[in-house]
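Shown below: final.txt, with compact mmCIF, C-alpha atoms and all ligand atoms.
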```txt
# COMPACT_ATOMS: atom_id res chain seq x y z
CA MET A 7 -12.89 18.67 9.80
CA THR A 8 -12.85 17.00 6.36
CA PRO A 9 -11.32 13.52 5.99
CA LYS A 10 -8.50 15.14 4.04
CA GLU A 11 -7.71 17.69 6.76
CA ARG A 12 -7.80 14.95 9.40
CA PHE A 13 -5.51 12.73 7.30
CA ILE A 14 -2.95 15.49 6.71
CA LYS A 15 -2.86 16.34 10.42
CA ALA A 16 -2.59 12.70 11.50
CA MET A 17 0.25 12.12 9.03
CA ARG A 18 2.13 14.94 10.79
CA PHE A 19 1.15 13.64 14.26
CA LYS A 20 -0.85 16.78 15.00
CA LYS A 21 -3.82 16.58 17.30
CA VAL A 22 -7.03 15.36 15.67
CA ASP A 23 -10.56 14.81 17.01
CA ARG A 24 -10.18 11.07 16.27
CA PRO A 25 -7.96 8.91 14.03
CA PRO A 26 -8.80 8.78 10.32
CA VAL A 27 -9.98 5.37 9.07
CA LEU A 28 -8.98 4.27 5.58
CA SER A 29 -7.04 1.67 3.62
CA PRO A 30 -3.61 2.46 2.19
CA ASN A 31 -3.64 -0.70 0.03
CA GLN A 32 -6.12 -1.97 -2.51
CA THR A 33 -9.80 -1.70 -1.56
CA ALA A 34 -11.82 -3.24 -4.42
CA THR A 35 -14.16 -6.09 -3.45
CA VAL A 36 -16.48 -8.43 -5.32
CA GLU A 37 -19.46 -6.72 -3.69
CA GLN A 38 -18.33 -3.30 -4.92
CA MET A 39 -17.53 -4.65 -8.38
CA ASP A 40 -20.95 -6.30 -8.68
CA SER A 41 -22.75 -3.14 -7.62
CA LEU A 42 -20.82 -0.99 -10.13
CA GLY A 43 -20.63 -3.58 -12.92
CA ILE A 44 -16.90 -2.85 -13.17
CA TYR A 45 -14.46 -5.77 -13.14
CA PHE A 46 -10.87 -6.67 -14.01
CA PRO A 47 -9.27 -6.17 -16.46
CA ASP A 48 -11.63 -3.33 -17.54
CA ALA A 49 -10.86 -1.42 -14.33
CA TYR A 50 -7.29 -1.20 -15.67
CA SER A 51 -7.96 -0.13 -19.24
CA ASP A 52 -10.32 2.76 -18.58
CA ALA A 53 -9.44 5.60 -16.20
CA GLN A 54 -13.10 6.41 -15.48
CA LYS A 55 -13.74 2.80 -14.45
CA MET A 56 -10.58 2.67 -12.36
CA ALA A 57 -11.60 5.91 -10.59
CA ALA A 58 -15.13 4.64 -9.99
CA LEU A 59 -13.98 1.30 -8.52
CA ALA A 60 -11.32 2.96 -6.33
CA SER A 61 -13.83 5.51 -5.01
CA ALA A 62 -16.26 2.77 -3.90
CA ALA A 63 -14.17 2.61 -0.72
CA TRP A 64 -15.42 6.09 0.13
CA GLU A 65 -18.81 6.06 -1.60
CA GLN A 66 -20.06 2.66 -0.46
CA VAL A 67 -18.14 1.99 2.74
CA GLY A 68 -17.12 5.38 4.11
CA LEU A 69 -13.38 4.70 4.20
CA GLU A 70 -11.82 8.16 4.48
CA GLY A 71 -9.33 7.81 1.68
CA ILE A 72 -9.20 6.62 -1.91
CA SER A 73 -6.27 4.46 -2.94
CA LEU A 74 -5.25 2.99 -6.27
CA PRO A 75 -4.43 0.93 -8.28
CA PHE A 76 -5.53 -2.56 -7.17
CA CYS A 77 -2.42 -4.76 -7.54
CA GLN A 78 1.40 -4.66 -7.61
CA THR A 79 1.89 -5.63 -11.24
CA VAL A 80 1.82 -2.25 -13.01
CA GLU A 81 5.57 -1.58 -12.76
CA ALA A 82 6.51 -5.25 -13.24
CA GLU A 83 4.57 -5.32 -16.51
CA VAL A 84 6.44 -2.28 -17.80
CA PHE A 85 9.68 -4.09 -16.93
CA GLY A 86 8.66 -6.88 -19.26
CA LEU A 87 6.74 -9.33 -17.10
CA GLU A 88 3.57 -10.90 -18.35
CA VAL A 89 0.50 -10.13 -16.27
CA LYS A 90 -1.83 -13.01 -15.47
CA TRP A 91 -5.45 -12.00 -15.17
CA GLY A 92 -7.28 -14.41 -12.90
CA ARG A 93 -9.86 -16.97 -13.94
CA ARG A 94 -12.60 -14.84 -12.43
CA LYS A 95 -12.98 -11.19 -13.38
CA THR A 96 -12.85 -10.28 -9.68
CA ASP A 97 -9.37 -11.83 -9.18
CA ILE A 98 -6.55 -9.38 -8.49
CA PRO A 99 -3.98 -9.71 -11.32
CA GLU A 100 -0.54 -11.17 -10.69
CA ALA A 101 2.81 -11.05 -12.45
CA PRO A 102 4.50 -14.43 -11.97
CA PHE A 103 8.21 -14.27 -11.23
CA ARG A 104 10.20 -14.11 -14.42
CA GLY A 105 13.55 -15.38 -13.31
CA TYR A 106 15.98 -13.10 -15.14
CA SER A 107 19.42 -14.52 -14.44
CA THR A 108 21.30 -11.22 -14.22
CA PRO A 109 20.29 -7.57 -13.98
CA ASP A 110 21.91 -7.07 -17.41
CA GLY A 111 19.12 -9.16 -18.92
CA VAL A 112 16.48 -6.66 -17.84
CA GLU A 113 15.67 -3.81 -20.14
CA VAL A 114 14.93 -0.66 -18.15
CA PRO A 115 12.07 0.90 -20.10
CA GLU A 116 12.41 4.39 -21.52
CA ASN A 117 9.56 6.90 -21.16
CA PHE A 118 8.37 4.91 -18.16
CA LEU A 119 5.31 7.11 -17.57
CA GLU A 120 3.92 6.35 -21.02
CA GLN A 121 4.16 2.59 -20.71
CA GLY A 122 1.60 -0.11 -19.93
CA ARG A 123 -1.19 0.84 -17.54
CA ILE A 124 0.68 3.80 -16.01
CA PRO A 125 -1.17 6.45 -18.09
CA VAL A 126 -4.52 4.96 -16.95
CA VAL A 127 -3.49 5.12 -13.28
CA LEU A 128 -2.30 8.72 -13.64
CA GLU A 129 -5.48 9.78 -15.45
CA ALA A 130 -7.62 8.06 -12.78
CA ILE A 131 -5.79 10.05 -10.08
CA GLU A 132 -6.57 13.24 -12.01
CA ILE A 133 -10.25 12.33 -12.23
CA LEU A 134 -10.39 11.54 -8.51
CA LYS A 135 -8.58 14.75 -7.62
CA GLU A 136 -11.15 16.73 -9.58
CA ARG A 137 -14.06 14.85 -7.99
CA TYR A 138 -12.91 14.50 -4.36
CA GLY A 139 -9.72 16.51 -4.07
CA ASP A 140 -10.91 18.98 -1.42
CA GLU A 141 -12.56 16.39 0.76
CA VAL A 142 -10.94 12.95 0.60
CA PRO A 143 -7.21 12.13 0.48
CA ILE A 144 -5.98 10.19 -2.55
CA MET A 145 -3.17 7.66 -2.18
CA GLY A 146 -1.15 6.31 -5.10
CA HIS A 147 0.50 2.88 -4.83
CA VAL A 148 3.98 2.07 -6.09
CA ILE A 149 5.84 -1.20 -5.65
CA GLY A 150 8.85 -1.30 -3.30
CA PRO A 151 12.18 -1.68 -5.15
CA PHE A 152 12.97 -5.01 -3.45
CA SER A 153 9.57 -6.45 -4.37
CA LEU A 154 10.09 -5.46 -7.98
CA ALA A 155 13.49 -7.16 -7.88
CA ALA A 156 11.85 -10.30 -6.50
CA HIS A 157 9.49 -10.24 -9.48
CA LEU A 158 12.29 -9.77 -11.94
CA ALA A 159 14.76 -12.28 -10.56
CA ASN A 160 12.41 -14.82 -8.97
CA MET A 161 11.99 -14.88 -5.20
CA GLU A 162 13.72 -18.20 -4.55
CA LYS A 163 16.73 -17.08 -6.53
CA ILE A 164 16.87 -13.76 -4.68
CA LEU A 165 16.94 -15.67 -1.40
CA ARG A 166 19.78 -17.88 -2.66
CA LEU A 167 21.69 -14.93 -4.09
CA SER A 168 21.35 -12.99 -0.85
CA ILE A 169 23.80 -15.53 0.59
CA LYS A 170 25.93 -16.38 -2.45
CA ASN A 171 26.09 -13.09 -4.32
CA PRO A 172 24.66 -10.17 -2.31
CA THR A 173 25.95 -7.61 -4.80
CA LEU A 174 23.77 -9.07 -7.52
CA VAL A 175 20.67 -8.76 -5.31
CA LYS A 176 21.47 -5.10 -4.76
CA GLU A 177 21.91 -4.59 -8.50
CA PHE A 178 18.51 -6.14 -9.14
CA THR A 179 16.91 -3.95 -6.48
CA ASN A 180 18.56 -0.82 -7.79
CA LEU A 181 17.10 -1.40 -11.28
CA GLY A 182 13.64 -0.04 -10.53
CA LEU A 183 14.55 2.69 -8.09
CA GLU A 184 14.61 5.64 -10.45
CA ALA A 185 11.54 4.61 -12.45
CA ILE A 186 9.47 4.00 -9.30
CA ALA A 187 10.39 7.45 -7.95
CA GLU A 188 9.48 9.05 -11.26
CA TYR A 189 6.11 7.28 -11.24
CA ALA A 190 5.45 8.33 -7.61
CA ASN A 191 6.27 11.96 -8.36
CA ALA A 192 3.97 11.91 -11.39
CA MET A 193 1.18 10.63 -9.12
CA LEU A 194 1.79 13.55 -6.73
CA GLU A 195 1.76 16.02 -9.63
CA ARG A 196 -1.58 14.63 -10.84
CA GLY A 197 -3.16 15.04 -7.42
CA ALA A 198 -2.19 12.20 -5.09
CA ASP A 199 -1.87 13.36 -1.46
CA ALA A 200 0.48 10.56 -0.43
CA ILE A 201 2.42 7.69 -1.96
CA VAL A 202 2.12 4.18 -0.57
CA ILE A 203 5.28 2.11 -1.08
CA GLU A 204 4.03 -1.49 -1.12
CA ASN A 205 6.99 -3.71 -0.29
CA MET A 206 5.28 -7.05 0.30
CA PHE A 207 8.28 -9.31 -0.41
CA ALA A 208 10.56 -7.34 1.91
CA SER A 209 8.67 -8.98 4.77
CA VAL A 210 10.73 -10.24 7.69
CA ASP A 211 8.64 -13.43 7.46
CA ILE A 212 10.37 -14.08 4.11
CA MET A 213 13.71 -12.27 4.33
CA GLY A 214 14.47 -12.19 8.05
CA VAL A 215 15.61 -9.02 9.83
CA LYS A 216 19.07 -9.08 8.22
CA GLY A 217 17.56 -9.56 4.78
CA TYR A 218 15.40 -6.48 5.17
CA VAL A 219 18.25 -4.43 6.59
CA ASN A 220 20.76 -5.42 3.89
CA PHE A 221 18.68 -5.73 0.75
CA ALA A 222 15.49 -3.70 1.08
CA GLN A 223 15.86 -0.90 3.63
CA PRO A 224 18.62 1.10 1.88
CA PHE A 225 16.51 1.22 -1.28
CA ASP A 226 13.33 2.12 0.61
CA ARG A 227 15.27 4.97 2.21
CA GLU A 228 16.58 6.15 -1.14
CA LEU A 229 13.11 5.95 -2.69
CA VAL A 230 11.56 7.96 0.18
CA ARG A 231 14.29 10.57 -0.30
CA ASN A 232 13.45 10.86 -4.00
CA ILE A 233 9.68 11.14 -3.60
CA ARG A 234 8.57 14.77 -3.32
CA GLY A 235 5.64 14.31 -0.96
CA PRO A 236 4.30 12.32 2.01
CA THR A 237 5.10 8.60 1.96
CA ILE A 238 3.51 5.57 3.60
CA LEU A 239 5.81 2.54 3.81
CA HIS A 240 3.90 -0.74 3.81
CA ILE A 241 5.71 -4.00 4.55
CA CYS A 242 3.77 -7.23 4.92
CA GLY A 243 4.12 -9.66 7.81
CA ASP A 244 5.48 -9.17 11.30
CA GLY A 245 7.44 -5.91 11.25
CA THR A 246 7.94 -5.67 15.02
CA ARG A 247 11.70 -6.26 14.79
CA ILE A 248 12.30 -3.81 11.93
CA ILE A 249 10.33 -0.81 13.20
CA GLU A 250 13.55 1.14 13.84
CA GLU A 251 14.80 0.33 10.35
CA MET A 252 11.47 1.32 8.82
CA LEU A 253 11.58 4.61 10.76
CA ALA A 254 15.12 5.20 9.50
CA THR A 255 13.82 5.25 5.89
CA GLY A 256 12.34 8.67 6.68
CA ALA A 257 8.84 7.63 5.53
CA SER A 258 6.11 9.94 6.84
CA CYS A 259 4.01 6.98 7.95
CA LEU A 260 4.52 3.25 8.53
CA SER A 261 1.69 0.92 7.53
CA ILE A 262 1.97 -2.17 9.75
CA ASP A 263 0.48 -5.62 9.33
CA SER A 264 -1.77 -7.23 11.93
CA LYS A 265 1.11 -9.47 13.07
CA THR A 266 3.17 -6.42 14.10
CA ASP A 267 3.07 -5.37 17.76
CA ALA A 268 1.09 -2.14 17.46
CA ARG A 269 1.92 -0.78 20.90
CA ARG A 270 5.63 -1.21 20.34
CA ALA A 271 5.41 0.42 16.92
CA VAL A 272 3.50 3.37 18.37
CA SER A 273 5.90 3.93 21.27
CA ALA A 274 8.98 3.57 19.04
CA SER A 275 7.74 5.99 16.40
CA ARG A 276 6.69 8.99 18.46
CA GLY A 277 7.54 12.21 16.68
CA ARG A 278 9.22 10.40 13.79
CA ALA A 279 6.42 8.81 11.76
CA ALA A 280 2.72 8.21 12.00
CA ILE A 281 1.64 4.59 12.48
CA MET A 282 -1.14 3.15 10.33
CA GLY A 283 -2.80 -0.25 10.58
CA ASN A 284 -3.15 -2.90 11.77
CA ILE A 285 -6.54 -4.59 11.52
CA ASP A 286 -6.50 -8.25 10.51
CA THR A 287 -7.60 -8.55 6.89
CA VAL A 288 -8.33 -12.29 6.83
CA TYR A 289 -9.84 -13.55 10.09
CA ALA A 290 -11.56 -10.26 10.94
CA LEU A 291 -12.32 -8.29 7.78
CA ALA A 292 -12.79 -10.98 5.13
CA PHE A 293 -14.19 -13.90 7.11
CA GLY A 294 -15.07 -12.53 10.56
CA THR A 295 -18.37 -11.20 11.85
CA PRO A 296 -18.99 -7.46 12.27
CA ASP A 297 -18.62 -7.99 16.04
CA GLU A 298 -15.17 -9.47 15.52
CA VAL A 299 -14.25 -6.49 13.34
CA VAL A 300 -15.44 -4.13 16.08
CA ALA A 301 -13.23 -5.91 18.65
CA GLU A 302 -10.23 -5.89 16.32
CA THR A 303 -10.73 -2.19 15.53
CA ARG A 304 -11.04 -1.36 19.21
CA ARG A 305 -7.70 -3.12 19.81
CA SER A 306 -5.98 -0.94 17.19
CA ILE A 307 -7.52 2.25 18.58
CA GLU A 308 -6.48 1.35 22.12
CA ALA A 309 -2.93 0.66 20.95
CA GLY A 310 -2.76 4.35 20.00
CA ILE A 311 -2.44 3.88 16.24
CA ASP A 312 -2.61 7.26 14.45
CA ILE A 313 -4.52 6.14 11.37
CA ILE A 314 -6.78 3.09 11.65
CA ALA A 315 -6.55 0.83 8.60
CA PRO A 316 -6.44 -2.78 7.47
CA GLY A 317 -3.02 -4.32 8.06
CA CYS A 318 -2.64 -5.25 4.38
CA ALA A 319 -4.58 -5.20 1.11
CA ILE A 320 -8.28 -5.91 1.52
CA SER A 321 -9.33 -9.31 0.16
CA PRO A 322 -11.87 -9.01 -2.68
CA LEU A 323 -14.07 -11.37 -0.63
CA THR A 324 -14.45 -8.81 2.19
CA PRO A 325 -18.09 -7.83 2.73
CA ASN A 326 -18.94 -4.13 2.81
CA ARG A 327 -20.69 -4.64 6.17
CA ASN A 328 -17.37 -5.56 7.82
CA LEU A 329 -15.60 -2.54 6.35
CA ARG A 330 -18.48 -0.35 7.54
CA ALA A 331 -18.16 -1.89 11.03
CA MET A 332 -14.51 -0.81 11.07
CA VAL A 333 -15.41 2.74 9.97
CA GLU A 334 -18.29 3.09 12.44
CA THR A 335 -16.17 1.79 15.33
CA VAL A 336 -13.52 4.44 14.72
CA LYS A 337 -16.17 7.15 14.44
CA SER A 338 -17.80 6.15 17.72
CA LEU A 339 -14.79 5.05 19.80
CA GLY A 340 -11.95 7.02 18.24
CA HIS A 341 -12.73 10.13 20.31
CA GLU A 342 -12.13 8.27 23.56
CA THR A 343 -8.44 7.77 23.13
CA ASP A 344 -5.80 10.39 22.64
CA GLY A 345 -4.54 9.18 19.26
ZN ZN A 401 0.82 -6.27 3.16
```
Re-express the file's structure as structure tokens.
Ligand SMILES: [Zn+2]
Amino acid sequence: MTPKERFIKAMRFKKVDRPPVLSPNQTATVEQMDSLGIYFPDAYSDAQKMAALASAAWEQVGLEGISLPFCQTVEAEVFGLEVKWGRRKTDIPEAPFRGYSTPDGVEVPENFLEQGRIPVVLEAIEILKERYGDEVPIMGHVIGPFSLAAHLANMEKILRLSIKNPTLVKEFTNLGLEAIAEYANAMLERGADAIVIENMFASVDIMGVKGYVNFAQPFDRELVRNIRGPTILHICGDGTRIIEEMLATGASCLSIDSKTDARRAVSASRGRAAIMGNIDTVYALAFGTPDEVVAETRRSIEAGIDIIAPGCAISPLTPNRNLRAMVETVKSLGHETDG
């Protein structure tokens, strides 16, 4: 079975020989960048370089999927935010919150697919499809509508508005919906096998359960409905109390953080969505020993998770040896459980 066949089956909760092991979020690390001689921002201006850095996850580590791009600033930049490239060329770029006061102040860009770094991402997907398309699944990342709104309006203000003027929050969140769906569908047309909706600011740790339910979930659901292919919904933080709401978006797969109760997510989701995650990215993958990664991976396998993966984006400081320990553990132990 190729990694792609295994991934497609696991996404549809069909029986597989063992769970796939991959990362739905960014995978680039300092070690990979040093070995390739490819750094930021070059990895964002040249599709060949972007494809090469993204494929290091498979080539160097054995992760059974290739996912790109490496940050959540691509859409925000097209919506007029300035991107801050880090001090070091291995730092993941950020788009500091702009603080638009009303949605009317935001210009929704025309010809979205031709703007900013979007053409580079789409071309990189095409290159990867050509190179690995039969063997390894390719996942394209888009930002969740609420997280884009948080970038546009400023997170603190969104939190205040969610109490004082909820309608305005919804208007902000609605702004990006159409453009994000268009971008996701273009990724699928160029060869992506699934779309990862990265909704980091919709975390319950920030917004609370009600905040997610009122301000993020309806837009996630609408986005899923408008994407013409498999979707993976990623929300940071402890998602235990919003699993039902995440399932109700209709996403094909839920990517859960290490704080989320994996067993509860698995038992709640049966037959409705695949569960992906939820290996700790900080204490285990970035700063733990390979033995700690093995133990953490074993925990996720035993919880019955369908697709074993880091619980969030991989830190650039993560050593390849820890990622390999995760991959090898799934390959050796994954057969024992009935994923
Ligand atoms: Zn996350």
Set out as JSON lines a contact list for region 226-297 of chain A and region 19-23 of chain A with a cut-off of 9 Å, giving each residue of region 226-297 of chain A that qualifies its closest atom pair and distance in Å to one decimal, counting only C-alpha atoms, ordered by chain and rising residue number.
```
{"residue": "A:Arg276", "atom": "CA", "partner": "A:Phe19", "partner_atom": "CA", "distance": 8.4}
{"residue": "A:Gly277", "atom": "CA", "partner": "A:Phe19", "partner_atom": "CA", "distance": 7.0}
{"residue": "A:Arg278", "atom": "CA", "partner": "A:Phe19", "partner_atom": "CA", "distance": 8.7}
{"residue": "A:Ala279", "atom": "CA", "partner": "A:Phe19", "partner_atom": "CA", "distance": 7.6}
{"residue": "A:Ala280", "atom": "CA", "partner": "A:Phe19", "partner_atom": "CA", "distance": 6.1}
```
Taking a cut-off of 8 Å and counting all atoms listed in the file, can you build a table that, for each residue of chain A near ligand ZN 401 (chain A), reports the nearest atom pair and how far apart they are in Å (one decimal), sorted by chain then residue number, as CSV?
```
residue,atom,partner,partner_atom,distance
A:Asn31,CA,A:ZN401,ZN,7.8
A:Glu204,CA,A:ZN401,ZN,7.2
A:Asn205,CA,A:ZN401,ZN,7.5
A:Met206,CA,A:ZN401,ZN,5.4
A:His240,CA,A:ZN401,ZN,6.4
A:Ile241,CA,A:ZN401,ZN,5.6
A:Cys242,CA,A:ZN401,ZN,3.6
A:Gly243,CA,A:ZN401,ZN,6.6
A:Ile262,CA,A:ZN401,ZN,7.8
A:Asp263,CA,A:ZN401,ZN,6.2
A:Gly317,CA,A:ZN401,ZN,6.5
A:Cys318,CA,A:ZN401,ZN,3.8
A:Ala319,CA,A:ZN401,ZN,5.9
```
Please provide as a count of residues only all residues within 8 Å of region 67-78 of chain A, with the sequence filter that same-chain residues fewer than 2 positions apart are discarded (counting all atoms listed in the file). 39
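From CA of Pro316 (chain A) back to CA of Thr246 (chain A), the distance works out to 16.5 Å.
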If you count all atoms listed in the file, which residues fall within 9 Å of Glu37 (chain A), apart from same-chain ones fewer than 4 positions away, as a PDB file with C-alpha atoms, in the frame of the given file?
```pdb
ATOM      1  CA  SER A  41     -22.750  -3.140  -7.620  1.00  0.00           C
ATOM      2  CA  LEU A  42     -20.820  -0.990 -10.130  1.00  0.00           C
ATOM      3  CA  PRO A 322     -11.870  -9.010  -2.680  1.00  0.00           C
ATOM      4  CA  LEU A 323     -14.070 -11.370  -0.630  1.00  0.00           C
ATOM      5  CA  THR A 324     -14.450  -8.810   2.190  1.00  0.00           C
ATOM      6  CA  PRO A 325     -18.090  -7.830   2.730  1.00  0.00           C
ATOM      7  CA  ASN A 326     -18.940  -4.130   2.810  1.00  0.00           C
TER       8      ASN A 326
END
```
What does the distance from CA of Met193 (chain A) to CA of Pro236 (chain A) come to in Å, to one decimal? 11.7 Å
Can you list, as a PyMOL selection string, every protein, DNA or RNA residue that comes within 10 Å of Thr295 (chain A) when you count only C-alpha atoms, leaving out same-chain residues fewer than 4 positions away? chain A and resi 289-291+299-300+325+327-328+331
Go ahead and save the picked residues with C-alpha atoms, as an mmCIF file, in the coordinates of the input.
```
data_model
loop_
_atom_site.group_PDB
_atom_site.id
_atom_site.type_symbol
_atom_site.label_atom_id
_atom_site.label_comp_id
_atom_site.auth_asym_id
_atom_site.auth_seq_id
_atom_site.Cartn_x
_atom_site.Cartn_y
_atom_site.Cartn_z
ATOM 1 C CA TYR A 289 -9.840 -13.550 10.090
ATOM 2 C CA ALA A 290 -11.560 -10.260 10.940
ATOM 3 C CA LEU A 291 -12.320 -8.290 7.780
ATOM 4 C CA VAL A 299 -14.250 -6.490 13.340
ATOM 5 C CA VAL A 300 -15.440 -4.130 16.080
ATOM 6 C CA PRO A 325 -18.090 -7.830 2.730
ATOM 7 C CA ARG A 327 -20.690 -4.640 6.170
ATOM 8 C CA ASN A 328 -17.370 -5.560 7.820
ATOM 9 C CA ALA A 331 -18.160 -1.890 11.030
#
```
Measuring atom to atom with all atoms listed in the file, identify which of A:Asp211, A:Asp40, A:Glu195, A:Glu83 is nearest to Glu132 (chain A). A:Glu195
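Distances to Phe46 (chain A) were evaluated for A:Ile238, A:Ala268, A:Leu59, A:Leu165 using all atoms listed in the file, and the minimum falls at A:Leu59.
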Near Ser209 (chain A), within 12 Å and counting all atoms listed in the file, which residues show up once chain neighbours fewer than 5 positions away are dropped, as a compact mmCIF listing (two decimals) with C-alpha atoms, in the frame of the given file?
```
# COMPACT_ATOMS: atom_id res chain seq x y z
CA GLY A 150 8.85 -1.30 -3.30
CA PHE A 152 12.97 -5.01 -3.45
CA SER A 153 9.57 -6.45 -4.37
CA ALA A 156 11.85 -10.30 -6.50
CA GLU A 204 4.03 -1.49 -1.12
CA GLY A 214 14.47 -12.19 8.05
CA VAL A 215 15.61 -9.02 9.83
CA LYS A 216 19.07 -9.08 8.22
CA GLY A 217 17.56 -9.56 4.78
CA TYR A 218 15.40 -6.48 5.17
CA VAL A 219 18.25 -4.43 6.59
CA PHE A 221 18.68 -5.73 0.75
CA ALA A 222 15.49 -3.70 1.08
CA GLN A 223 15.86 -0.90 3.63
CA LEU A 239 5.81 2.54 3.81
CA HIS A 240 3.90 -0.74 3.81
CA ILE A 241 5.71 -4.00 4.55
CA CYS A 242 3.77 -7.23 4.92
CA GLY A 243 4.12 -9.66 7.81
CA ASP A 244 5.48 -9.17 11.30
CA GLY A 245 7.44 -5.91 11.25
CA THR A 246 7.94 -5.67 15.02
CA ARG A 247 11.70 -6.26 14.79
CA ILE A 248 12.30 -3.81 11.93
CA ILE A 249 10.33 -0.81 13.20
CA MET A 252 11.47 1.32 8.82
CA ILE A 262 1.97 -2.17 9.75
CA ASP A 263 0.48 -5.62 9.33
CA LYS A 265 1.11 -9.47 13.07
CA THR A 266 3.17 -6.42 14.10
CA CYS A 318 -2.64 -5.25 4.38
```
Ranking A:Phe85, A:Phe103, A:Phe225, A:Trp91 by minimum distance to Phe118 (chain A) and counting all atoms listed in the file, which one comes first? A:Phe85
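Shortest separation to Ile311 (chain A) among A:Gly294, A:Ala16, A:Arg227, A:Ile124 occurs at residue A:Ala16, atoms counted being only C-alpha atoms.
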One number please: CA of Ile201 (chain A) to CA of Asn232 (chain A), in Å, one decimal. 11.7 Å
One residue among A:Arg123, A:Arg104, A:Lys135, A:Arg24 is nearest to Ala155 (chain A) when using all atoms listed in the file, and that residue is A:Arg104
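With only C-alpha atoms as the atoms that count, the minimum distance from Ile285 (chain A) to the choices A:Ile164, A:Ile313, A:Ala130, A:Leu181 is reached by A:Ile313.
By chain and then residue number, the residues within 8 Å of Leu229 (chain A) are Leu183, Glu184, Ile186, Ala187, Phe225 and Ile233 of chain A, counting all atoms listed in the file and disregarding those fewer than 4 positions away in sequence.
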